[in-house]
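In what follows, a single structure is set out as structure tokens and then discussed.
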Amino acid sequence: MTILFEPNRQWAAHLTPLLGAGVHTVARSEDLRRLLTDLPAEPLVVVGPTTPATVALEVAALQRLRRPALGVVLLRERLDMETMAQALRSGVREAVDAHDTAAVQSACSRSLEVSRQLTGAAAPTAAEARIVTVFSAKGGCGKSTLATNLAVCLADGGRHRVCLVDLDLAFGDVGIMLQLAPDRGIADLVASRDRIDAGLVRALLTPYAPGVDVLLAPVGPTEAERIDRDLVVAVLAAVRTMADYVVIDTPAHFSEAVLAALDVTDVHVLVATPDVPALKNLRIAMDMLDLLGLGKDNRLVVLNRSDAKVGLSGADIERVLQSRTTGHIPSSRDVPISINRGTPIVVDKPSHPVSKAIRDLASGAIAQQATARGGRWQRARSGGGR
Ligand SMILES: Nc1ncnc2c1ncn2[C@@H]1O[C@H](COP(=O)(O)OP(=O)(O)OP(=O)(O)O)[C@@H](O)[C@H]1O
Ligand SMILES: [Mg+2]
């Protein structure tokens, strides 16, 4: 999590969603001091544009020796050379133009990365990222909603690195849901398909929030056709080396890209809504996954809009699915409202029941499955078999 020091409400409301989930916003120096004492492991203070620069300089200078892992990022409405030089001399990690949202997010991500290195949370080595694929067998069940919100939750305000990959290649919605400019993405790899590596893929990621980077889908179906299974395999192998989690959003059918993703997935998150066609299709999809030998022991069935009054009880649902359900996400009109605003609901309304359900899913069942897979990975790498 991050502490934002910004007394101006409008600026605070603008900046908070940019900084990821669970930001503590304070408006007074004494509150900042108290929070820093209460939260000794907090890695980042962002000093907002209407706070006097001296506050940032003081915090940075004071904490520099006491708490070197704490990063201070200074935002200014206008950056001049003198403030910049003074800030950097006092130990402020970055001074950034507050209007430049991409620069603000990149500066925060870089600072969190430095903090991570300083606290000894080692960067993941190759093949360590856990891959979480969100899939459903019927369109409109809430895959993209869940994938975007899960990515933010798993990043935990920048404590983990998450790469969100939009594999709904023809109609990807992740860019729109997060209001990201479609300047670059997976389609740019087509020309370099034989030499895809982490460096190349990293250059095509779009930063969203601290800890969250996104590999966007192509802007249209024509480009999507040029992305085949081999390319997806290479991309996933590359992103896996540079994140703690890779979260994959998918279309509602077994495309080549989806099969490639499911093949390397550690946690299969299967989404259904409580209506008979969605449940029946998910059951068929699970049979297909069983046939392919995929995900039987690392599958989570999540029921979205689970409280919709549609005449099916929990027992009916589990009977149709022949499977237990793990996550239950309530239905709320605040979900489409947050999507229309371009901000995941876990950021927009952190205490909303939908946000709580998704956060619980991320920190509970998904983290547990991922850790269990981690054990298997470790054993496989030390020769114990996967
Ligand atoms: N829990 C919820 N409560 C209310 N509305 C929801 C909920 N989850 C998703 N929705 C709405 O359902 C619609 C479909 O969601 P979303 O785009 O995430 O589904 P999808 O499975 O990715 O669809 P597609 O298969 O078309 O990619 C959106 O308008 C979203 O706002
Ligand atoms: Mg979608």
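Labels used: A, B, ... for chains in the order of the structure tokens, numbers from 1 for residues in each chain, and numbers from 1 for ligands as shown.
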| said: Using DSSP secondary structure from the backbone, list all helix (DSSP H, G or I) positions within stretch 9-246 of chain A, as number ranges by chain. | reply: A: 9-19, 29-38, 53-66, 81-90, 101-118, 143-158, 174-177, 186-195, 198-202, 221-224, 229-240
Report the closest atom pair, with its distance in Å rounded to one decimal, for each residue of stretch 179-265 of chain A that has an atom no farther than 8 Å from stretch 153-171 of chain A; count only C-alpha atoms, sort by chain and then rising residue number, and write it as a Markdown table.
| residue | atom | partner | partner_atom | distance |
| --- | --- | --- | --- | --- |
| A:Ala209 | CA | A:Gly158 | CA | 7.8 |
| A:Pro210 | CA | A:Gly158 | CA | 4.6 |
| A:Gly211 | CA | A:Gly158 | CA | 4.0 |
| A:Val212 | CA | A:Val162 | CA | 4.9 |
| A:Asp213 | CA | A:Cys163 | CA | 5.0 |
| A:Val214 | CA | A:Leu164 | CA | 4.7 |
| A:Leu215 | CA | A:Val165 | CA | 4.8 |
| A:Leu216 | CA | A:Asp166 | CA | 5.5 |
| A:Ala217 | CA | A:Leu169 | CA | 5.1 |
| A:Pro218 | CA | A:Leu169 | CA | 6.1 |
| A:Val219 | CA | A:Ala170 | CA | 7.8 |
| A:Gly220 | CA | A:Ala170 | CA | 5.8 |
| A:Pro221 | CA | A:Ala170 | CA | 4.2 |
| A:Thr222 | CA | A:Ala170 | CA | 7.7 |
| A:Glu223 | CA | A:Ala170 | CA | 8.0 |
| A:Ala224 | CA | A:Leu169 | CA | 5.2 |
| A:Glu225 | CA | A:Ala170 | CA | 7.8 |
| A:Val239 | CA | A:Cys163 | CA | 7.0 |
| A:Met242 | CA | A:Arg161 | CA | 7.8 |
| A:Ala243 | CA | A:Arg161 | CA | 4.9 |
| A:Asp244 | CA | A:Arg161 | CA | 5.1 |
| A:Tyr245 | CA | A:Val162 | CA | 4.8 |
| A:Val246 | CA | A:Cys163 | CA | 4.8 |
| A:Val247 | CA | A:Leu164 | CA | 4.7 |
| A:Ile248 | CA | A:Val165 | CA | 4.8 |
| A:Asp249 | CA | A:Asp166 | CA | 5.0 |
| A:Thr250 | CA | A:Asp168 | CA | 4.6 |
| A:Pro251 | CA | A:Asp168 | CA | 4.5 |
| A:Ala257 | CA | A:Leu167 | CA | 6.6 |
| A:Val258 | CA | A:Leu167 | CA | 7.1 |
Dump of N, CA and C atoms for the selected residues, as a PDB file, in the first residue's frame:
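Saved to again-v2.pdb:
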ATOM      1  N   ALA A 209      -1.127   0.542 -12.599  1.00  0.00           N
ATOM      2  CA  ALA A 209      -1.072   1.017 -11.208  1.00  0.00           C
ATOM      3  C   ALA A 209       0.195   0.427 -10.624  1.00  0.00           C
ATOM      4  N   PRO A 210       0.633   0.887  -9.435  1.00  0.00           N
ATOM      5  CA  PRO A 210       1.848   0.303  -8.880  1.00  0.00           C
ATOM      6  C   PRO A 210       1.765  -1.225  -8.851  1.00  0.00           C
ATOM      7  N   GLY A 211       2.726  -1.844  -9.488  1.00  0.00           N
ATOM      8  CA  GLY A 211       2.774  -3.305  -9.508  1.00  0.00           C
ATOM      9  C   GLY A 211       2.003  -3.931 -10.662  1.00  0.00           C
ATOM     10  N   VAL A 212       1.158  -3.174 -11.342  1.00  0.00           N
ATOM     11  CA  VAL A 212       0.342  -3.775 -12.411  1.00  0.00           C
ATOM     12  C   VAL A 212       0.750  -3.228 -13.779  1.00  0.00           C
ATOM     13  N   ASP A 213       1.182  -4.133 -14.655  1.00  0.00           N
ATOM     14  CA  ASP A 213       1.459  -3.772 -16.042  1.00  0.00           C
ATOM     15  C   ASP A 213       0.552  -4.609 -16.931  1.00  0.00           C
ATOM     16  N   VAL A 214       0.173  -4.038 -18.065  1.00  0.00           N
ATOM     17  CA  VAL A 214      -0.815  -4.710 -18.908  1.00  0.00           C
ATOM     18  C   VAL A 214      -0.249  -4.950 -20.305  1.00  0.00           C
ATOM     19  N   LEU A 215      -0.451  -6.158 -20.807  1.00  0.00           N
ATOM     20  CA  LEU A 215      -0.150  -6.430 -22.213  1.00  0.00           C
ATOM     21  C   LEU A 215      -1.491  -6.431 -22.938  1.00  0.00           C
ATOM     22  N   LEU A 216      -1.701  -5.368 -23.706  1.00  0.00           N
ATOM     23  CA  LEU A 216      -3.021  -5.145 -24.309  1.00  0.00           C
ATOM     24  C   LEU A 216      -3.257  -6.021 -25.533  1.00  0.00           C
ATOM     25  N   ALA A 217      -4.530  -6.330 -25.781  1.00  0.00           N
ATOM     26  CA  ALA A 217      -4.937  -7.075 -26.973  1.00  0.00           C
ATOM     27  C   ALA A 217      -4.841  -6.147 -28.184  1.00  0.00           C
ATOM     28  N   PRO A 218      -4.836  -6.727 -29.394  1.00  0.00           N
ATOM     29  CA  PRO A 218      -4.834  -5.881 -30.590  1.00  0.00           C
ATOM     30  C   PRO A 218      -6.090  -5.010 -30.641  1.00  0.00           C
ATOM     31  N   VAL A 219      -6.024  -3.939 -31.447  1.00  0.00           N
ATOM     32  CA  VAL A 219      -7.194  -3.062 -31.495  1.00  0.00           C
ATOM     33  C   VAL A 219      -8.337  -3.645 -32.318  1.00  0.00           C
ATOM     34  N   GLY A 220      -8.040  -4.630 -33.167  1.00  0.00           N
ATOM     35  CA  GLY A 220      -9.137  -5.186 -33.978  1.00  0.00           C
ATOM     36  C   GLY A 220      -8.906  -6.643 -34.318  1.00  0.00           C
ATOM     37  N   PRO A 221      -9.975  -7.327 -34.804  1.00  0.00           N
ATOM     38  CA  PRO A 221      -9.895  -8.757 -35.089  1.00  0.00           C
ATOM     39  C   PRO A 221      -8.891  -9.123 -36.187  1.00  0.00           C
ATOM     40  N   THR A 222      -8.618  -8.208 -37.126  1.00  0.00           N
ATOM     41  CA  THR A 222      -7.702  -8.559 -38.219  1.00  0.00           C
ATOM     42  C   THR A 222      -6.308  -8.832 -37.678  1.00  0.00           C
ATOM     43  N   GLU A 223      -5.859  -7.926 -36.798  1.00  0.00           N
ATOM     44  CA  GLU A 223      -4.532  -8.139 -36.202  1.00  0.00           C
ATOM     45  C   GLU A 223      -4.520  -9.390 -35.345  1.00  0.00           C
ATOM     46  N   ALA A 224      -5.662  -9.648 -34.699  1.00  0.00           N
ATOM     47  CA  ALA A 224      -5.745 -10.795 -33.782  1.00  0.00           C
ATOM     48  C   ALA A 224      -5.450 -12.094 -34.519  1.00  0.00           C
ATOM     49  N   GLU A 225      -5.860 -12.172 -35.776  1.00  0.00           N
ATOM     50  CA  GLU A 225      -5.684 -13.422 -36.534  1.00  0.00           C
ATOM     51  C   GLU A 225      -4.223 -13.795 -36.721  1.00  0.00           C
ATOM     52  N   VAL A 239       6.731 -13.280 -20.047  1.00  0.00           N
ATOM     53  CA  VAL A 239       6.150 -12.512 -18.934  1.00  0.00           C
ATOM     54  C   VAL A 239       6.305 -13.262 -17.620  1.00  0.00           C
ATOM     55  N   MET A 242       9.102 -12.145 -15.402  1.00  0.00           N
ATOM     56  CA  MET A 242       9.253 -10.776 -14.880  1.00  0.00           C
ATOM     57  C   MET A 242       8.124 -10.348 -13.961  1.00  0.00           C
ATOM     58  N   ALA A 243       7.369 -11.304 -13.447  1.00  0.00           N
ATOM     59  CA  ALA A 243       6.276 -10.918 -12.545  1.00  0.00           C
ATOM     60  C   ALA A 243       6.148 -11.967 -11.454  1.00  0.00           C
ATOM     61  N   ASP A 244       5.383 -11.596 -10.427  1.00  0.00           N
ATOM     62  CA  ASP A 244       5.044 -12.589  -9.403  1.00  0.00           C
ATOM     63  C   ASP A 244       3.785 -13.341  -9.824  1.00  0.00           C
ATOM     64  N   TYR A 245       2.880 -12.595 -10.453  1.00  0.00           N
ATOM     65  CA  TYR A 245       1.657 -13.209 -10.984  1.00  0.00           C
ATOM     66  C   TYR A 245       1.439 -12.746 -12.414  1.00  0.00           C
ATOM     67  N   VAL A 246       0.957 -13.665 -13.245  1.00  0.00           N
ATOM     68  CA  VAL A 246       0.459 -13.280 -14.566  1.00  0.00           C
ATOM     69  C   VAL A 246      -1.035 -13.588 -14.525  1.00  0.00           C
ATOM     70  N   VAL A 247      -1.864 -12.571 -14.765  1.00  0.00           N
ATOM     71  CA  VAL A 247      -3.313 -12.787 -14.791  1.00  0.00           C
ATOM     72  C   VAL A 247      -3.756 -12.687 -16.251  1.00  0.00           C
ATOM     73  N   ILE A 248      -4.486 -13.708 -16.717  1.00  0.00           N
ATOM     74  CA  ILE A 248      -4.854 -13.734 -18.142  1.00  0.00           C
ATOM     75  C   ILE A 248      -6.366 -13.636 -18.284  1.00  0.00           C
ATOM     76  N   ASP A 249      -6.799 -12.670 -19.100  1.00  0.00           N
ATOM     77  CA  ASP A 249      -8.217 -12.571 -19.461  1.00  0.00           C
ATOM     78  C   ASP A 249      -8.391 -13.283 -20.806  1.00  0.00           C
ATOM     79  N   THR A 250      -9.539 -13.918 -20.986  1.00  0.00           N
ATOM     80  CA  THR A 250      -9.724 -14.767 -22.176  1.00  0.00           C
ATOM     81  C   THR A 250     -11.074 -14.508 -22.845  1.00  0.00           C
ATOM     82  N   PRO A 251     -11.219 -14.976 -24.099  1.00  0.00           N
ATOM     83  CA  PRO A 251     -12.557 -14.960 -24.705  1.00  0.00           C
ATOM     84  C   PRO A 251     -13.334 -16.177 -24.196  1.00  0.00           C
ATOM     85  N   ALA A 257      -5.077 -19.445 -28.495  1.00  0.00           N
ATOM     86  CA  ALA A 257      -4.403 -18.670 -27.451  1.00  0.00           C
ATOM     87  C   ALA A 257      -4.832 -19.156 -26.071  1.00  0.00           C
ATOM     88  N   VAL A 258      -6.133 -19.432 -25.922  1.00  0.00           N
ATOM     89  CA  VAL A 258      -6.634 -19.890 -24.623  1.00  0.00           C
ATOM     90  C   VAL A 258      -6.017 -21.240 -24.271  1.00  0.00           C
TER      91      VAL A 258
END
May I have a table of the residues of stretch 13-96 of chain A lying at most 12 Å from stretch 104-107 of chain A, giving each one's closest pair of atoms and their distance in Å to one decimal, counting only C-alpha atoms, ordered by chain and ascending residue number, as CSV?
residue,atom,partner,partner_atom,distance
A:His14,CA,A:Val104,CA,11.8
A:Leu15,CA,A:Val104,CA,9.0
A:Thr16,CA,A:Gln105,CA,11.0
A:Pro17,CA,A:Gln105,CA,10.4
A:Leu18,CA,A:Gln105,CA,6.7
A:Leu19,CA,A:Gln105,CA,6.9
A:Gly20,CA,A:Gln105,CA,9.3
A:Leu44,CA,A:Ala107,CA,10.8
A:Val45,CA,A:Ala107,CA,11.7
A:Val46,CA,A:Val104,CA,9.4
A:Val47,CA,A:Val104,CA,11.1
A:Gly48,CA,A:Val104,CA,10.5
A:Pro49,CA,A:Val104,CA,11.4
A:Gly71,CA,A:Ala107,CA,10.2
A:Val72,CA,A:Ala107,CA,10.0
A:Val73,CA,A:Ala107,CA,7.2
A:Leu74,CA,A:Val104,CA,9.2
A:Leu75,CA,A:Val104,CA,7.7
A:Arg76,CA,A:Val104,CA,10.3
A:Glu77,CA,A:Val104,CA,11.8
A:Val92,CA,A:Ala107,CA,11.3
A:Arg93,CA,A:Ala107,CA,8.4
A:Glu94,CA,A:Ala107,CA,6.4
A:Ala95,CA,A:Ala107,CA,8.3
A:Val96,CA,A:Val104,CA,6.3
Would you export the selected residues with C-alpha atoms as a short mmCIF file (atom, residue, chain, number, x, y, z; two decimals), in the first residue's frame, please?
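Dumped to again.cif:
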data_model
loop_
_atom_site.label_atom_id
_atom_site.label_comp_id
_atom_site.auth_asym_id
_atom_site.auth_seq_id
_atom_site.Cartn_x
_atom_site.Cartn_y
_atom_site.Cartn_z
CA HIS A 14 -7.77 12.05 -8.93
CA LEU A 15 -4.55 10.49 -7.63
CA THR A 16 -5.90 7.77 -5.34
CA PRO A 17 -7.14 5.41 -8.11
CA LEU A 18 -3.82 5.79 -9.94
CA LEU A 19 -1.94 4.42 -6.96
CA GLY A 20 -3.70 1.05 -6.79
CA LEU A 44 6.00 4.53 -0.43
CA VAL A 45 4.90 8.08 0.38
CA VAL A 46 3.55 10.11 -2.52
CA VAL A 47 3.58 13.82 -1.78
CA GLY A 48 0.78 15.42 -3.78
CA PRO A 49 1.03 18.62 -5.81
CA GLY A 71 10.53 5.79 -1.04
CA VAL A 72 9.25 9.34 -1.41
CA VAL A 73 7.82 10.45 -4.75
CA LEU A 74 7.12 14.15 -5.14
CA LEU A 75 4.37 15.36 -7.50
CA ARG A 76 4.27 18.96 -8.66
CA GLU A 77 1.87 20.90 -10.84
CA VAL A 92 13.32 12.03 -2.75
CA ARG A 93 13.40 9.15 -5.25
CA GLU A 94 11.53 10.87 -8.08
CA ALA A 95 9.95 14.25 -8.77
CA VAL A 96 7.21 14.06 -11.39
#
Close residues to ligand 2 using only C-alpha atoms and all ligand atoms, limit 6 Å, as a PDB file with all heavy atoms, in the first residue's frame:
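Saved the output as out_17.pdb:
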ATOM      1  N   LYS A 143     -15.642 -12.209 -16.886  1.00  0.00           N
ATOM      2  CA  LYS A 143     -14.215 -12.563 -16.907  1.00  0.00           C
ATOM      3  C   LYS A 143     -13.328 -11.323 -16.839  1.00  0.00           C
ATOM      4  O   LYS A 143     -12.404 -11.258 -16.039  1.00  0.00           O
ATOM      5  CB  LYS A 143     -13.855 -13.312 -18.214  1.00  0.00           C
ATOM      6  CG  LYS A 143     -14.507 -14.641 -18.381  1.00  0.00           C
ATOM      7  CD  LYS A 143     -14.122 -15.280 -19.705  1.00  0.00           C
ATOM      8  CE  LYS A 143     -14.589 -14.522 -20.927  1.00  0.00           C
ATOM      9  NZ  LYS A 143     -16.041 -14.419 -21.093  1.00  0.00           N
ATOM     10  N   SER A 144     -13.618 -10.354 -17.719  1.00  0.00           N
ATOM     11  CA  SER A 144     -12.728  -9.186 -17.778  1.00  0.00           C
ATOM     12  C   SER A 144     -12.842  -8.366 -16.497  1.00  0.00           C
ATOM     13  O   SER A 144     -11.850  -7.827 -15.998  1.00  0.00           O
ATOM     14  CB  SER A 144     -13.069  -8.310 -18.992  1.00  0.00           C
ATOM     15  OG  SER A 144     -13.016  -9.091 -20.156  1.00  0.00           O
ATOM     16  N   ASP A 173     -11.211  -6.267 -23.831  1.00  0.00           N
ATOM     17  CA  ASP A 173     -11.835  -5.119 -23.151  1.00  0.00           C
ATOM     18  C   ASP A 173     -10.958  -4.530 -22.057  1.00  0.00           C
ATOM     19  O   ASP A 173     -11.320  -3.519 -21.472  1.00  0.00           O
ATOM     20  CB  ASP A 173     -13.135  -5.579 -22.446  1.00  0.00           C
ATOM     21  CG  ASP A 173     -14.241  -5.877 -23.422  1.00  0.00           C
ATOM     22  OD1 ASP A 173     -14.248  -5.266 -24.507  1.00  0.00           O
ATOM     23  OD2 ASP A 173     -15.091  -6.729 -23.098  1.00  0.00           O
TER      24      ASP A 173
END
| task | Return as a PyMOL selection string every polymer residue, whether protein, DNA or RNA, with at least one atom no more than 8 Å from an atom of ligand 1; count only C-alpha atoms and all ligand atoms. | result | chain A and resi 135-136+138-147+168+171-173+249-252+271+304-306+329-339+354
Mind checking which residues fall within 12 Å of A:Leu39, counting only C-alpha atoms, ignoring those fewer than 2 positions away in the same chain, and posting them as a PDB file with N, CA and C atoms, in the first residue's frame?
ATOM      1  N   MET A   1       0.836  -1.203   0.000  1.00  0.00           N
ATOM      2  CA  MET A   1       0.000   0.000   0.000  1.00  0.00           C
ATOM      3  C   MET A   1       0.869   1.250   0.000  1.00  0.00           C
ATOM      4  N   THR A   2       0.218   2.349  -0.275  1.00  0.00           N
ATOM      5  CA  THR A   2       0.961   3.587  -0.436  1.00  0.00           C
ATOM      6  C   THR A   2       0.302   4.662   0.415  1.00  0.00           C
ATOM      7  N   ILE A   3       1.115   5.612   0.918  1.00  0.00           N
ATOM      8  CA  ILE A   3       0.527   6.749   1.632  1.00  0.00           C
ATOM      9  C   ILE A   3       0.545   7.945   0.684  1.00  0.00           C
ATOM     10  N   HIS A  24      -3.616   4.894   1.583  1.00  0.00           N
ATOM     11  CA  HIS A  24      -4.000   5.706   2.748  1.00  0.00           C
ATOM     12  C   HIS A  24      -3.812   7.168   2.339  1.00  0.00           C
ATOM     13  N   ASP A  31      -0.794  13.540  10.717  1.00  0.00           N
ATOM     14  CA  ASP A  31      -1.366  12.240  10.335  1.00  0.00           C
ATOM     15  C   ASP A  31      -0.334  11.408   9.578  1.00  0.00           C
ATOM     16  N   LEU A  32       0.446  12.092   8.766  1.00  0.00           N
ATOM     17  CA  LEU A  32       1.489  11.378   8.023  1.00  0.00           C
ATOM     18  C   LEU A  32       2.499  10.769   8.995  1.00  0.00           C
ATOM     19  N   ARG A  33       2.917  11.585   9.984  1.00  0.00           N
ATOM     20  CA  ARG A  33       3.891  11.086  10.967  1.00  0.00           C
ATOM     21  C   ARG A  33       3.331   9.887  11.716  1.00  0.00           C
ATOM     22  N   ARG A  34       2.044   9.984  12.116  1.00  0.00           N
ATOM     23  CA  ARG A  34       1.421   8.887  12.868  1.00  0.00           C
ATOM     24  C   ARG A  34       1.363   7.619  12.010  1.00  0.00           C
ATOM     25  N   LEU A  35       0.960   7.782  10.750  1.00  0.00           N
ATOM     26  CA  LEU A  35       0.858   6.613   9.871  1.00  0.00           C
ATOM     27  C   LEU A  35       2.215   5.959   9.661  1.00  0.00           C
ATOM     28  N   LEU A  36       3.233   6.809   9.505  1.00  0.00           N
ATOM     29  CA  LEU A  36       4.579   6.250   9.291  1.00  0.00           C
ATOM     30  C   LEU A  36       5.037   5.456  10.506  1.00  0.00           C
ATOM     31  N   THR A  37       4.610   5.912  11.701  1.00  0.00           N
ATOM     32  CA  THR A  37       4.967   5.161  12.913  1.00  0.00           C
ATOM     33  C   THR A  37       4.154   3.878  13.000  1.00  0.00           C
ATOM     34  N   ALA A  41       6.299  -0.861   7.799  1.00  0.00           N
ATOM     35  CA  ALA A  41       6.759  -1.519   6.566  1.00  0.00           C
ATOM     36  C   ALA A  41       6.245  -0.820   5.311  1.00  0.00           C
ATOM     37  N   GLU A  42       5.543   0.298   5.494  1.00  0.00           N
ATOM     38  CA  GLU A  42       4.975   0.998   4.329  1.00  0.00           C
ATOM     39  C   GLU A  42       6.091   1.418   3.383  1.00  0.00           C
ATOM     40  N   PRO A  43       6.023   1.064   2.094  1.00  0.00           N
ATOM     41  CA  PRO A  43       7.174   1.317   1.233  1.00  0.00           C
ATOM     42  C   PRO A  43       7.182   2.665   0.481  1.00  0.00           C
ATOM     43  N   LEU A  44       6.020   3.365   0.460  1.00  0.00           N
ATOM     44  CA  LEU A  44       5.998   4.534  -0.434  1.00  0.00           C
ATOM     45  C   LEU A  44       5.136   5.664   0.113  1.00  0.00           C
ATOM     46  N   VAL A  45       5.693   6.881   0.094  1.00  0.00           N
ATOM     47  CA  VAL A  45       4.896   8.076   0.377  1.00  0.00           C
ATOM     48  C   VAL A  45       4.882   8.908  -0.898  1.00  0.00           C
ATOM     49  N   ARG A  67      15.011   4.736   7.723  1.00  0.00           N
ATOM     50  CA  ARG A  67      14.155   3.782   7.023  1.00  0.00           C
ATOM     51  C   ARG A  67      14.442   3.852   5.527  1.00  0.00           C
ATOM     52  N   LEU A  70      11.983   3.154   2.572  1.00  0.00           N
ATOM     53  CA  LEU A  70      10.808   3.988   2.276  1.00  0.00           C
ATOM     54  C   LEU A  70      11.129   4.935   1.117  1.00  0.00           C
TER      55      LEU A  70
END
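Closest approach to A:Leu289 among A:Arg64, A:Arg130, A:His268, A:Arg373 is made by A:His268 (distances from only C-alpha atoms).
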| remark: Computed gap from atom CA of A:Ala272 to atom CA of A:Ala260 is 21.5 Å
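Note that the spacing between atom CA of A:Ala198 and atom CA of A:Leu178 amounts to 23.3 Å.
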| said: With only C-alpha atoms as the counted atoms, please give the residues lying no more than 9 Å from A:Met286, apart from itself and same-chain residues fewer than 4 positions off, as a list of chain:residue names. | reply: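 So, after excluding close chain neighbours, the residues are A:Leu270, A:Asn281, A:Leu282, A:Asp290, A:Leu291, A:Leu294, A:Gly295, A:Lys296, A:Leu321.
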| said: Between atom CA of A:Leu312 and atom CA of A:Val267, what is the distance in Å, rounded to a tenth? | reply: 26.9 Å
| request: Give me the residues within 9 Å of A:Arg229 as a ChimeraX atom specification, counting only C-alpha atoms and dropping any in the same chain fewer than 3 places off. | output: /A:232-234,255-261
Go ahead and write the selection's residues with C-alpha atoms as a PDB file, in the first residue's frame.
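The new file out_32.pdb reads:
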ATOM      1  CA  VAL A 232       1.296 -16.822 -27.157  1.00  0.00           C
ATOM      2  CA  VAL A 233       3.520 -19.581 -25.743  1.00  0.00           C
ATOM      3  CA  ALA A 234       6.600 -17.391 -26.259  1.00  0.00           C
ATOM      4  CA  SER A 255      -9.166 -20.471 -28.971  1.00  0.00           C
ATOM      5  CA  GLU A 256      -5.566 -21.465 -29.743  1.00  0.00           C
ATOM      6  CA  ALA A 257      -4.403 -18.670 -27.451  1.00  0.00           C
ATOM      7  CA  VAL A 258      -6.634 -19.890 -24.623  1.00  0.00           C
ATOM      8  CA  LEU A 259      -5.392 -23.465 -24.971  1.00  0.00           C
ATOM      9  CA  ALA A 260      -1.803 -22.253 -24.889  1.00  0.00           C
ATOM     10  CA  ALA A 261      -2.556 -20.282 -21.735  1.00  0.00           C
TER      11      ALA A 261
END
| request: Find the residues near A:Gly314: any atom within 12 Å, counting only C-alpha atoms, skip ones fewer than 2 places away on the same chain, and give them as a PyMOL selection string. | output: chain A and resi 273-275+279+303+306-312+316-328
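Taking only stretch 152-270 of chain A, the residues that DSSP calls strand (DSSP E) from the backbone come to A:Val162, A:Cys163, A:Leu164, A:Val165, A:Asp166, A:Thr206, A:Pro207, A:Tyr208, A:Ala209, A:Val212, A:Asp213, A:Val214, A:Leu215, A:Tyr245, A:Val246, A:Val247, A:Ile248, A:Asp249, A:Val267, A:His268, A:Val269, A:Leu270.
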| task | Please provide as a PyMOL selection string all residues within 8 Å of A:Ile196, with the sequence filter that same-chain residues fewer than 6 positions apart are discarded (counting only C-alpha atoms). | result | chain A and resi 189+234-235+238
| request: Return the single residue from A:Ala137, A:Ala237, A:Leu112, A:Val132 that is closest to A:Ala365, with distances computed using only C-alpha atoms. | output: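 Once distances to A:Ala365 are computed over only C-alpha atoms, the minimum belongs to A:Val132.
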